[in-house]
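run_9.cif (mmCIF, N, CA and C atoms) appears below.
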```cif
data_my_file
loop_
_atom_site.label_atom_id
_atom_site.label_comp_id
_atom_site.auth_asym_id
_atom_site.auth_seq_id
_atom_site.Cartn_x
_atom_site.Cartn_y
_atom_site.Cartn_z
N MET Z 1451 44.08 8.24 33.25
CA MET Z 1451 44.89 9.29 33.86
C MET Z 1451 45.09 8.93 35.33
N ASN Z 1452 46.34 8.87 35.75
CA ASN Z 1452 46.59 8.50 37.14
C ASN Z 1452 46.48 9.71 38.06
N HIS Z 1453 46.60 9.45 39.36
CA HIS Z 1453 46.41 10.51 40.37
C HIS Z 1453 47.43 11.63 40.22
N LYS Z 1454 48.69 11.28 39.92
CA LYS Z 1454 49.73 12.31 39.81
C LYS Z 1454 49.46 13.24 38.62
N GLN Z 1455 48.96 12.72 37.51
CA GLN Z 1455 48.67 13.56 36.35
C GLN Z 1455 47.53 14.52 36.65
N ARG Z 1456 46.49 14.04 37.32
CA ARG Z 1456 45.36 14.90 37.65
C ARG Z 1456 45.75 15.97 38.64
N SER Z 1457 46.53 15.62 39.66
CA SER Z 1457 46.89 16.59 40.68
C SER Z 1457 47.88 17.63 40.16
N GLY Z 1458 48.56 17.36 39.04
CA GLY Z 1458 49.50 18.31 38.48
C GLY Z 1458 48.83 19.58 37.99
N SER Z 1459 47.67 19.48 37.34
CA SER Z 1459 46.99 20.66 36.83
C SER Z 1459 46.03 21.24 37.86
N SER Z 1460 45.64 20.47 38.85
CA SER Z 1460 44.70 20.94 39.86
C SER Z 1460 45.21 22.13 40.66
N PRO Z 1461 46.45 22.15 41.14
CA PRO Z 1461 46.93 23.34 41.86
C PRO Z 1461 46.92 24.59 40.99
N MET Z 1462 47.22 24.43 39.70
CA MET Z 1462 47.21 25.58 38.80
C MET Z 1462 45.78 26.11 38.64
N ILE Z 1463 44.82 25.22 38.44
CA ILE Z 1463 43.43 25.62 38.29
C ILE Z 1463 42.93 26.28 39.57
N LYS Z 1464 43.29 25.70 40.71
CA LYS Z 1464 42.89 26.27 41.99
C LYS Z 1464 43.50 27.67 42.17
N THR Z 1465 44.76 27.82 41.81
CA THR Z 1465 45.44 29.12 41.93
C THR Z 1465 44.71 30.17 41.10
N TYR Z 1466 44.40 29.85 39.86
CA TYR Z 1466 43.74 30.83 39.00
C TYR Z 1466 42.29 31.09 39.43
N ALA Z 1467 41.63 30.10 39.99
CA ALA Z 1467 40.27 30.31 40.51
C ALA Z 1467 40.30 31.27 41.70
N VAL Z 1468 41.25 31.07 42.61
CA VAL Z 1468 41.39 31.96 43.76
C VAL Z 1468 41.81 33.35 43.29
N LEU Z 1469 42.66 33.42 42.28
CA LEU Z 1469 43.07 34.70 41.71
C LEU Z 1469 41.87 35.47 41.16
N LEU Z 1470 41.01 34.79 40.41
CA LEU Z 1470 39.82 35.44 39.86
C LEU Z 1470 38.89 35.92 40.97
N LEU Z 1471 38.73 35.12 42.01
CA LEU Z 1471 37.90 35.53 43.14
C LEU Z 1471 38.49 36.77 43.80
N PHE Z 1472 39.80 36.78 44.00
CA PHE Z 1472 40.47 37.94 44.59
C PHE Z 1472 40.23 39.19 43.75
N LEU Z 1473 40.45 39.07 42.43
CA LEU Z 1473 40.29 40.22 41.55
C LEU Z 1473 38.87 40.77 41.58
N ALA Z 1474 37.89 39.87 41.61
CA ALA Z 1474 36.49 40.31 41.66
C ALA Z 1474 36.18 41.01 42.98
N LEU Z 1475 36.66 40.43 44.09
CA LEU Z 1475 36.42 41.06 45.39
C LEU Z 1475 37.11 42.41 45.51
N LYS Z 1476 38.33 42.50 45.04
CA LYS Z 1476 39.09 43.75 45.14
C LYS Z 1476 38.46 44.84 44.28
N ALA Z 1477 38.17 44.54 43.03
CA ALA Z 1477 37.56 45.54 42.15
C ALA Z 1477 36.16 45.91 42.63
N GLY Z 1478 35.38 44.92 43.02
CA GLY Z 1478 34.03 45.20 43.51
C GLY Z 1478 34.05 45.99 44.81
N GLY Z 1479 34.95 45.65 45.71
CA GLY Z 1479 35.06 46.35 46.98
C GLY Z 1479 35.49 47.80 46.81
N ASN Z 1480 36.51 48.01 45.98
CA ASN Z 1480 36.97 49.38 45.73
C ASN Z 1480 35.89 50.22 45.05
N SER Z 1481 35.21 49.62 44.10
CA SER Z 1481 34.16 50.35 43.37
C SER Z 1481 32.99 50.68 44.28
N SER Z 1482 32.58 49.73 45.08
CA SER Z 1482 31.47 49.95 46.00
C SER Z 1482 31.83 51.05 47.00
N MET Z 1483 33.04 51.00 47.52
CA MET Z 1483 33.47 52.02 48.48
C MET Z 1483 33.54 53.39 47.82
N ALA Z 1484 34.06 53.45 46.59
CA ALA Z 1484 34.15 54.73 45.88
C ALA Z 1484 32.75 55.30 45.63
N TRP Z 1485 31.82 54.45 45.20
CA TRP Z 1485 30.45 54.89 44.96
C TRP Z 1485 29.83 55.43 46.26
N GLY Z 1486 30.00 54.68 47.33
CA GLY Z 1486 29.44 55.12 48.61
C GLY Z 1486 30.05 56.41 49.11
N MET Z 1487 31.37 56.55 48.96
CA MET Z 1487 32.04 57.76 49.46
C MET Z 1487 31.65 58.99 48.64
N LYS Z 1488 31.31 58.80 47.37
CA LYS Z 1488 30.86 59.94 46.56
C LYS Z 1488 29.47 60.41 47.01
N HIS Z 1489 28.76 59.57 47.75
CA HIS Z 1489 27.42 59.92 48.20
C HIS Z 1489 27.35 60.19 49.70
N VAL Z 1490 28.49 60.32 50.33
CA VAL Z 1490 28.54 60.72 51.73
C VAL Z 1490 28.54 62.25 51.74
N PRO Z 1491 27.66 62.87 52.51
CA PRO Z 1491 27.53 64.33 52.44
C PRO Z 1491 28.76 65.11 52.90
N GLU Z 1492 29.51 64.61 53.87
CA GLU Z 1492 30.66 65.36 54.39
C GLU Z 1492 31.94 64.88 53.71
N GLN Z 1493 32.90 65.79 53.58
CA GLN Z 1493 34.24 65.40 53.14
C GLN Z 1493 35.00 64.90 54.35
N MET Z 1494 35.83 63.89 54.14
CA MET Z 1494 36.57 63.30 55.24
C MET Z 1494 37.66 64.25 55.72
N SER Z 1495 37.89 64.23 57.01
CA SER Z 1495 38.94 65.04 57.62
C SER Z 1495 39.59 64.19 58.71
N MET Z 1496 40.17 64.82 59.69
CA MET Z 1496 40.80 64.07 60.78
C MET Z 1496 39.79 63.64 61.84
N ASN Z 1497 38.54 63.97 61.66
CA ASN Z 1497 37.50 63.63 62.63
C ASN Z 1497 37.08 62.16 62.46
N PRO Z 1498 37.38 61.27 63.40
CA PRO Z 1498 37.03 59.85 63.26
C PRO Z 1498 35.52 59.61 63.20
N ALA Z 1499 34.73 60.51 63.77
CA ALA Z 1499 33.27 60.33 63.74
C ALA Z 1499 32.75 60.36 62.30
N LEU Z 1500 33.37 61.16 61.43
CA LEU Z 1500 32.95 61.21 60.03
C LEU Z 1500 33.19 59.87 59.34
N TYR Z 1501 34.29 59.22 59.67
CA TYR Z 1501 34.59 57.91 59.07
C TYR Z 1501 33.61 56.86 59.57
N LEU Z 1502 33.30 56.90 60.85
CA LEU Z 1502 32.33 55.95 61.39
C LEU Z 1502 30.97 56.16 60.74
N ARG Z 1503 30.57 57.41 60.56
CA ARG Z 1503 29.29 57.71 59.91
C ARG Z 1503 29.32 57.25 58.45
N ALA Z 1504 30.44 57.44 57.76
CA ALA Z 1504 30.55 57.00 56.37
C ALA Z 1504 30.43 55.48 56.25
N MET Z 1505 30.94 54.77 57.25
CA MET Z 1505 30.87 53.31 57.22
C MET Z 1505 29.43 52.79 57.33
N LEU Z 1506 28.51 53.64 57.77
CA LEU Z 1506 27.11 53.24 57.84
C LEU Z 1506 26.43 53.29 56.47
N ASN Z 1507 27.08 53.94 55.50
CA ASN Z 1507 26.57 53.92 54.13
C ASN Z 1507 26.63 52.48 53.64
N PRO Z 1508 25.54 51.92 53.12
CA PRO Z 1508 25.54 50.50 52.72
C PRO Z 1508 26.60 50.16 51.67
N TYR Z 1509 26.87 51.08 50.75
CA TYR Z 1509 27.88 50.80 49.72
C TYR Z 1509 29.28 50.79 50.31
N VAL Z 1510 29.54 51.69 51.23
CA VAL Z 1510 30.83 51.72 51.91
C VAL Z 1510 31.00 50.44 52.73
N ALA Z 1511 29.97 50.06 53.47
CA ALA Z 1511 30.02 48.84 54.28
C ALA Z 1511 30.24 47.61 53.40
N LEU Z 1512 29.54 47.55 52.28
CA LEU Z 1512 29.72 46.43 51.34
C LEU Z 1512 31.15 46.42 50.81
N GLY Z 1513 31.68 47.59 50.48
CA GLY Z 1513 33.06 47.69 50.00
C GLY Z 1513 34.07 47.22 51.03
N ILE Z 1514 33.84 47.62 52.28
CA ILE Z 1514 34.74 47.19 53.37
C ILE Z 1514 34.70 45.67 53.52
N ALA Z 1515 33.51 45.10 53.50
CA ALA Z 1515 33.38 43.65 53.64
C ALA Z 1515 34.07 42.93 52.47
N ALA Z 1516 33.86 43.42 51.26
CA ALA Z 1516 34.48 42.80 50.09
C ALA Z 1516 36.00 42.88 50.17
N LEU Z 1517 36.53 44.02 50.65
CA LEU Z 1517 37.98 44.16 50.76
C LEU Z 1517 38.56 43.29 51.87
N ILE Z 1518 37.79 43.06 52.93
CA ILE Z 1518 38.24 42.12 53.97
C ILE Z 1518 38.32 40.71 53.39
N PHE Z 1519 37.28 40.32 52.64
CA PHE Z 1519 37.32 38.99 52.01
C PHE Z 1519 38.42 38.91 50.95
N ALA Z 1520 38.71 40.02 50.28
CA ALA Z 1520 39.80 40.04 49.31
C ALA Z 1520 41.14 39.79 50.02
N LEU Z 1521 41.32 40.40 51.18
CA LEU Z 1521 42.54 40.18 51.95
C LEU Z 1521 42.69 38.70 52.34
N LEU Z 1522 41.60 38.11 52.80
CA LEU Z 1522 41.64 36.69 53.17
C LEU Z 1522 41.91 35.82 51.95
N THR Z 1523 41.34 36.21 50.82
CA THR Z 1523 41.57 35.47 49.57
C THR Z 1523 43.02 35.60 49.13
N ARG Z 1524 43.61 36.81 49.30
CA ARG Z 1524 45.01 36.98 48.95
C ARG Z 1524 45.89 36.10 49.83
N MET Z 1525 45.52 35.95 51.10
CA MET Z 1525 46.28 35.06 51.99
C MET Z 1525 46.24 33.63 51.45
N ALA Z 1526 45.06 33.19 51.02
CA ALA Z 1526 44.94 31.85 50.43
C ALA Z 1526 45.77 31.74 49.16
N LEU Z 1527 45.76 32.79 48.36
CA LEU Z 1527 46.53 32.80 47.12
C LEU Z 1527 48.03 32.70 47.40
N LEU Z 1528 48.48 33.39 48.45
CA LEU Z 1528 49.90 33.31 48.80
C LEU Z 1528 50.30 31.94 49.34
N SER Z 1529 49.33 31.17 49.80
CA SER Z 1529 49.65 29.80 50.22
C SER Z 1529 49.74 28.87 49.00
N LEU Z 1530 49.23 29.32 47.87
CA LEU Z 1530 49.24 28.49 46.65
C LEU Z 1530 50.36 28.86 45.68
N ALA Z 1531 50.84 30.11 45.75
CA ALA Z 1531 51.81 30.58 44.76
C ALA Z 1531 52.81 31.53 45.42
N ASP Z 1532 53.91 31.73 44.74
CA ASP Z 1532 54.97 32.61 45.24
C ASP Z 1532 54.54 34.07 45.22
N LEU Z 1533 55.09 34.85 46.16
CA LEU Z 1533 54.83 36.28 46.22
C LEU Z 1533 55.22 36.96 44.91
N SER Z 1534 56.34 36.51 44.32
CA SER Z 1534 56.82 37.12 43.07
C SER Z 1534 55.88 36.85 41.91
N PHE Z 1535 54.96 35.91 42.04
CA PHE Z 1535 53.91 35.66 41.05
C PHE Z 1535 52.64 36.41 41.43
N VAL Z 1536 52.25 36.31 42.70
CA VAL Z 1536 50.97 36.84 43.17
C VAL Z 1536 50.89 38.36 43.03
N LEU Z 1537 51.90 39.07 43.51
CA LEU Z 1537 51.81 40.54 43.50
C LEU Z 1537 51.68 41.12 42.10
N PRO Z 1538 52.54 40.75 41.15
CA PRO Z 1538 52.37 41.32 39.81
C PRO Z 1538 51.05 40.91 39.14
N VAL Z 1539 50.64 39.66 39.30
CA VAL Z 1539 49.42 39.20 38.62
C VAL Z 1539 48.18 39.85 39.23
N THR Z 1540 48.17 40.07 40.53
CA THR Z 1540 47.01 40.72 41.13
C THR Z 1540 46.94 42.20 40.77
N ALA Z 1541 48.03 42.75 40.23
CA ALA Z 1541 48.00 44.14 39.78
C ALA Z 1541 47.03 44.35 38.64
N ILE Z 1542 46.61 43.27 37.98
CA ILE Z 1542 45.63 43.41 36.91
C ILE Z 1542 44.30 43.94 37.46
N GLY Z 1543 44.12 43.84 38.77
CA GLY Z 1543 42.94 44.42 39.41
C GLY Z 1543 42.85 45.92 39.21
N TYR Z 1544 44.01 46.58 39.07
CA TYR Z 1544 44.01 48.02 38.80
C TYR Z 1544 43.35 48.32 37.45
N VAL Z 1545 43.57 47.42 36.50
CA VAL Z 1545 42.95 47.58 35.18
C VAL Z 1545 41.43 47.51 35.32
N PHE Z 1546 40.94 46.53 36.08
CA PHE Z 1546 39.50 46.40 36.29
C PHE Z 1546 38.95 47.65 36.98
N SER Z 1547 39.69 48.16 37.95
CA SER Z 1547 39.23 49.33 38.70
C SER Z 1547 39.13 50.57 37.81
N VAL Z 1548 40.10 50.76 36.93
CA VAL Z 1548 40.04 51.90 36.01
C VAL Z 1548 38.84 51.75 35.08
N PHE Z 1549 38.63 50.55 34.57
CA PHE Z 1549 37.49 50.31 33.68
C PHE Z 1549 36.17 50.56 34.40
N ILE Z 1550 36.04 50.05 35.61
CA ILE Z 1550 34.81 50.26 36.39
C ILE Z 1550 34.63 51.74 36.70
N GLY Z 1551 35.72 52.42 37.06
CA GLY Z 1551 35.65 53.85 37.33
C GLY Z 1551 35.15 54.62 36.12
N LYS Z 1552 35.63 54.25 34.95
CA LYS Z 1552 35.23 54.94 33.71
C LYS Z 1552 33.78 54.62 33.35
N VAL Z 1553 33.43 53.35 33.34
CA VAL Z 1553 32.13 52.93 32.82
C VAL Z 1553 31.00 53.15 33.83
N PHE Z 1554 31.22 52.74 35.07
CA PHE Z 1554 30.11 52.76 36.05
C PHE Z 1554 30.10 54.00 36.94
N LEU Z 1555 31.29 54.53 37.26
CA LEU Z 1555 31.35 55.70 38.12
C LEU Z 1555 31.48 57.00 37.32
N HIS Z 1556 31.56 56.86 35.99
CA HIS Z 1556 31.62 57.99 35.06
C HIS Z 1556 32.78 58.94 35.36
N GLU Z 1557 33.92 58.35 35.70
CA GLU Z 1557 35.11 59.16 35.95
C GLU Z 1557 35.81 59.48 34.63
N THR Z 1558 36.49 60.59 34.59
CA THR Z 1558 37.28 60.95 33.41
C THR Z 1558 38.65 60.30 33.56
N VAL Z 1559 39.03 59.53 32.56
CA VAL Z 1559 40.32 58.83 32.59
C VAL Z 1559 41.16 59.40 31.44
N SER Z 1560 42.28 60.03 31.78
CA SER Z 1560 43.14 60.66 30.78
C SER Z 1560 43.89 59.60 29.96
N HIS Z 1561 44.48 60.05 28.87
CA HIS Z 1561 45.28 59.15 28.02
C HIS Z 1561 46.47 58.58 28.80
N GLN Z 1562 47.07 59.41 29.66
CA GLN Z 1562 48.21 58.93 30.45
C GLN Z 1562 47.77 57.80 31.39
N ARG Z 1563 46.59 57.92 31.98
CA ARG Z 1563 46.11 56.85 32.86
C ARG Z 1563 45.82 55.58 32.08
N TRP Z 1564 45.22 55.73 30.88
CA TRP Z 1564 44.98 54.54 30.07
C TRP Z 1564 46.29 53.88 29.66
N LEU Z 1565 47.30 54.68 29.33
CA LEU Z 1565 48.60 54.12 28.95
C LEU Z 1565 49.23 53.40 30.14
N GLY Z 1566 49.19 54.02 31.31
CA GLY Z 1566 49.71 53.36 32.52
C GLY Z 1566 48.95 52.07 32.82
N THR Z 1567 47.65 52.09 32.63
CA THR Z 1567 46.83 50.90 32.85
C THR Z 1567 47.20 49.80 31.87
N LEU Z 1568 47.45 50.18 30.61
CA LEU Z 1568 47.87 49.21 29.60
C LEU Z 1568 49.22 48.59 29.98
N LEU Z 1569 50.14 49.40 30.47
CA LEU Z 1569 51.45 48.88 30.89
C LEU Z 1569 51.31 47.89 32.06
N ILE Z 1570 50.43 48.22 33.00
CA ILE Z 1570 50.18 47.30 34.12
C ILE Z 1570 49.61 45.99 33.58
N PHE Z 1571 48.67 46.08 32.65
CA PHE Z 1571 48.05 44.89 32.08
C PHE Z 1571 49.08 44.01 31.38
N VAL Z 1572 49.93 44.63 30.56
CA VAL Z 1572 50.96 43.87 29.83
C VAL Z 1572 51.93 43.20 30.82
N GLY Z 1573 52.35 43.94 31.84
CA GLY Z 1573 53.25 43.36 32.84
C GLY Z 1573 52.61 42.20 33.59
N ALA Z 1574 51.34 42.36 33.97
CA ALA Z 1574 50.64 41.29 34.69
C ALA Z 1574 50.48 40.06 33.80
N MET Z 1575 50.18 40.27 32.54
CA MET Z 1575 50.04 39.13 31.62
C MET Z 1575 51.38 38.43 31.42
N LEU Z 1576 52.44 39.20 31.34
CA LEU Z 1576 53.78 38.62 31.18
C LEU Z 1576 54.12 37.73 32.38
N VAL Z 1577 53.89 38.22 33.58
CA VAL Z 1577 54.16 37.43 34.78
C VAL Z 1577 53.21 36.24 34.86
N GLY Z 1578 51.97 36.42 34.41
CA GLY Z 1578 50.98 35.34 34.45
C GLY Z 1578 51.34 34.16 33.59
N THR Z 1579 52.23 34.34 32.62
CA THR Z 1579 52.64 33.23 31.77
C THR Z 1579 53.79 32.42 32.38
N THR Z 1580 54.31 32.88 33.52
CA THR Z 1580 55.40 32.15 34.17
C THR Z 1580 54.84 31.13 35.15
N SER Z 1581 55.71 30.31 35.69
CA SER Z 1581 55.32 29.33 36.69
C SER Z 1581 54.84 30.04 37.95
N ARG Z 1582 53.81 29.51 38.58
CA ARG Z 1582 53.26 30.14 39.78
C ARG Z 1582 54.16 29.93 40.99
N THR Z 1583 55.01 28.92 40.95
CA THR Z 1583 55.95 28.68 42.04
C THR Z 1583 57.33 28.41 41.47
N THR Z 1584 58.33 28.80 42.24
CA THR Z 1584 59.71 28.54 41.85
C THR Z 1584 60.38 27.58 42.82
N THR Z 1585 59.68 27.26 43.88
CA THR Z 1585 60.23 26.34 44.87
C THR Z 1585 59.43 25.05 44.84
N PRO Z 1586 60.12 23.91 44.88
CA PRO Z 1586 59.39 22.64 44.87
C PRO Z 1586 58.60 22.48 46.16
N SER Z 1587 57.41 21.91 46.04
CA SER Z 1587 56.61 21.69 47.24
C SER Z 1587 57.21 20.54 48.04
N GLN Z 1588 57.22 20.68 49.34
CA GLN Z 1588 57.78 19.67 50.22
C GLN Z 1588 56.67 18.78 50.73
N PRO Z 1589 56.85 17.46 50.68
CA PRO Z 1589 55.84 16.59 51.28
C PRO Z 1589 55.86 16.78 52.79
N PRO Z 1590 54.71 16.58 53.47
CA PRO Z 1590 54.69 16.72 54.92
C PRO Z 1590 55.72 15.81 55.57
N ALA Z 1591 56.27 16.24 56.70
CA ALA Z 1591 57.28 15.47 57.41
C ALA Z 1591 56.76 14.08 57.74
N GLY Z 1592 57.56 13.07 57.47
CA GLY Z 1592 57.19 11.69 57.77
C GLY Z 1592 56.28 11.08 56.72
N ASP Z 1593 56.01 11.78 55.60
CA ASP Z 1593 55.14 11.27 54.55
C ASP Z 1593 56.01 10.83 53.39
N PRO Z 1594 56.28 9.52 53.25
CA PRO Z 1594 57.14 9.06 52.14
C PRO Z 1594 56.44 9.28 50.81
N GLU Z 1595 57.22 9.68 49.83
CA GLU Z 1595 56.66 9.98 48.50
C GLU Z 1595 56.67 8.75 47.64
#
```
Please render this file's structure as structure tokens.
Amino acid sequence: MNHKQRSGSSPMIKTYAVLLLFLALKAGGNSSMAWGMKHVPEQMSMNPALYLRAMLNPYVALGIAALIFALLTRMALLSLADLSFVLPVTAIGYVFSVFIGKVFLHETVSHQRWLGTLLIFVGAMLVGTTSRTTTPSQPPAGDPE
């Protein structure tokens, strides 16, 4: 197998690896933050001090950190694939969040929410079967191919 054949599948594998990392960080961050916020004694209002106090909850802090890393991971993902691929495929994270909310946070999920979640899943899978890029990659300037 020559170098060109190996590098052809490598960007795809890298894209999906970064996608999985993003999905895990996003679902984990949202879940951690939701768990922490359910255990904060005060309800949030316009008072910024309440938000600062809530951020001291370890689960909320962990959620914030995970979501920051998810944002950085999404930036890396956008450098590997088109926006028209990344946004719909990352929507599958909503499916993970609903599942985590139901199973671990013991939330009640109505039939309408499950149906909406199924539609998101089907749409994300449909987009996931398409090419990750629609524009040919350009070699660096001055680099003969």
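Using only C-alpha atoms, the nearest neighbour of Leu1522 in chain Z within the list Z:Val1539, Z:Leu1506, Z:Leu1475, Z:Arg1582 is Z:Leu1475.
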Legend entry - All residues 7 Å or closer to Ala1520 in chain Z, all atoms listed in the file, same chain fewer than 2 positions away omitted, as number ranges by chain: Z: 1471-1473, 1475-1476, 1515-1518, 1522-1525
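Closest approach to Thr1465 in chain Z among Z:Val1510, Z:Leu1530, Z:Ala1499, Z:Leu1521 is made by Z:Leu1530 (distances from only C-alpha atoms).
Residues surrounding Phe1535 in chain Z within 8 Å are Val1577, Gly1578, Thr1580, Ser1581, Arg1582 and Thr1583 of chain Z [only C-alpha atoms; sequence separation below 6 positions excluded].
Proximity ranking of Z:Ser1482, Z:Ser1547, Z:Gln1562, Z:Thr1540 relative to Met1575 in chain Z places Z:Thr1540 first, based on only C-alpha atoms.
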Inset, instruction - Taking the file as shown, find all residues satisfying the PyMOL selection byres ((chain Z and resi 1486-1489) around 8) and write them as a ChimeraX atom specification. - result: /Z:1480-1485,1490-1492,1504,1507-1511,1513
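Here CA of Val1559 in chain Z and CA of Tyr1466 in chain Z stand 28.9 Å from one another.
Considering the residues Z:Glu1557, Z:Phe1549, Z:Ala1531, Z:Ala1541 and counting only N, CA and C atoms, Thr1584 in chain Z has its shortest atom-to-atom contact with Z:Ala1531.
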Inset, instruction - Mind giving me the straight-line distance from CA of Val1545 in chain Z to CA of Phe1571 in chain Z in Å, one decimal? - result: 6.5 Å
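Note that CA of Leu1470 in chain Z and CA of Ala1526 in chain Z are 12.3 Å apart.
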Legend entry - Expected answer as a count of residues only: alpha helix (DSSP H) residues in chain Z: 104
Inset, instruction - Check the smallest atom-to-atom distance from each of Z:Leu1527, Z:Val1572, Z:Val1548, Z:Leu1502 to Val1468 in chain Z using only C-alpha atoms, then report the winner. - result: Z:Leu1527
What are the centre and the three edge lengths of an axis-aligned box that wraps all atoms of range 1464-1472 of chain Z in the file, given that 6 Å is added to every side, written as AutoDock Vina command-line options and rounded to one decimal in Å?
```
--center_x 41.7 --center_y 32.4 --center_z 41.8 --size_x 19.5 --size_y 25.5 --size_z 17.6
```
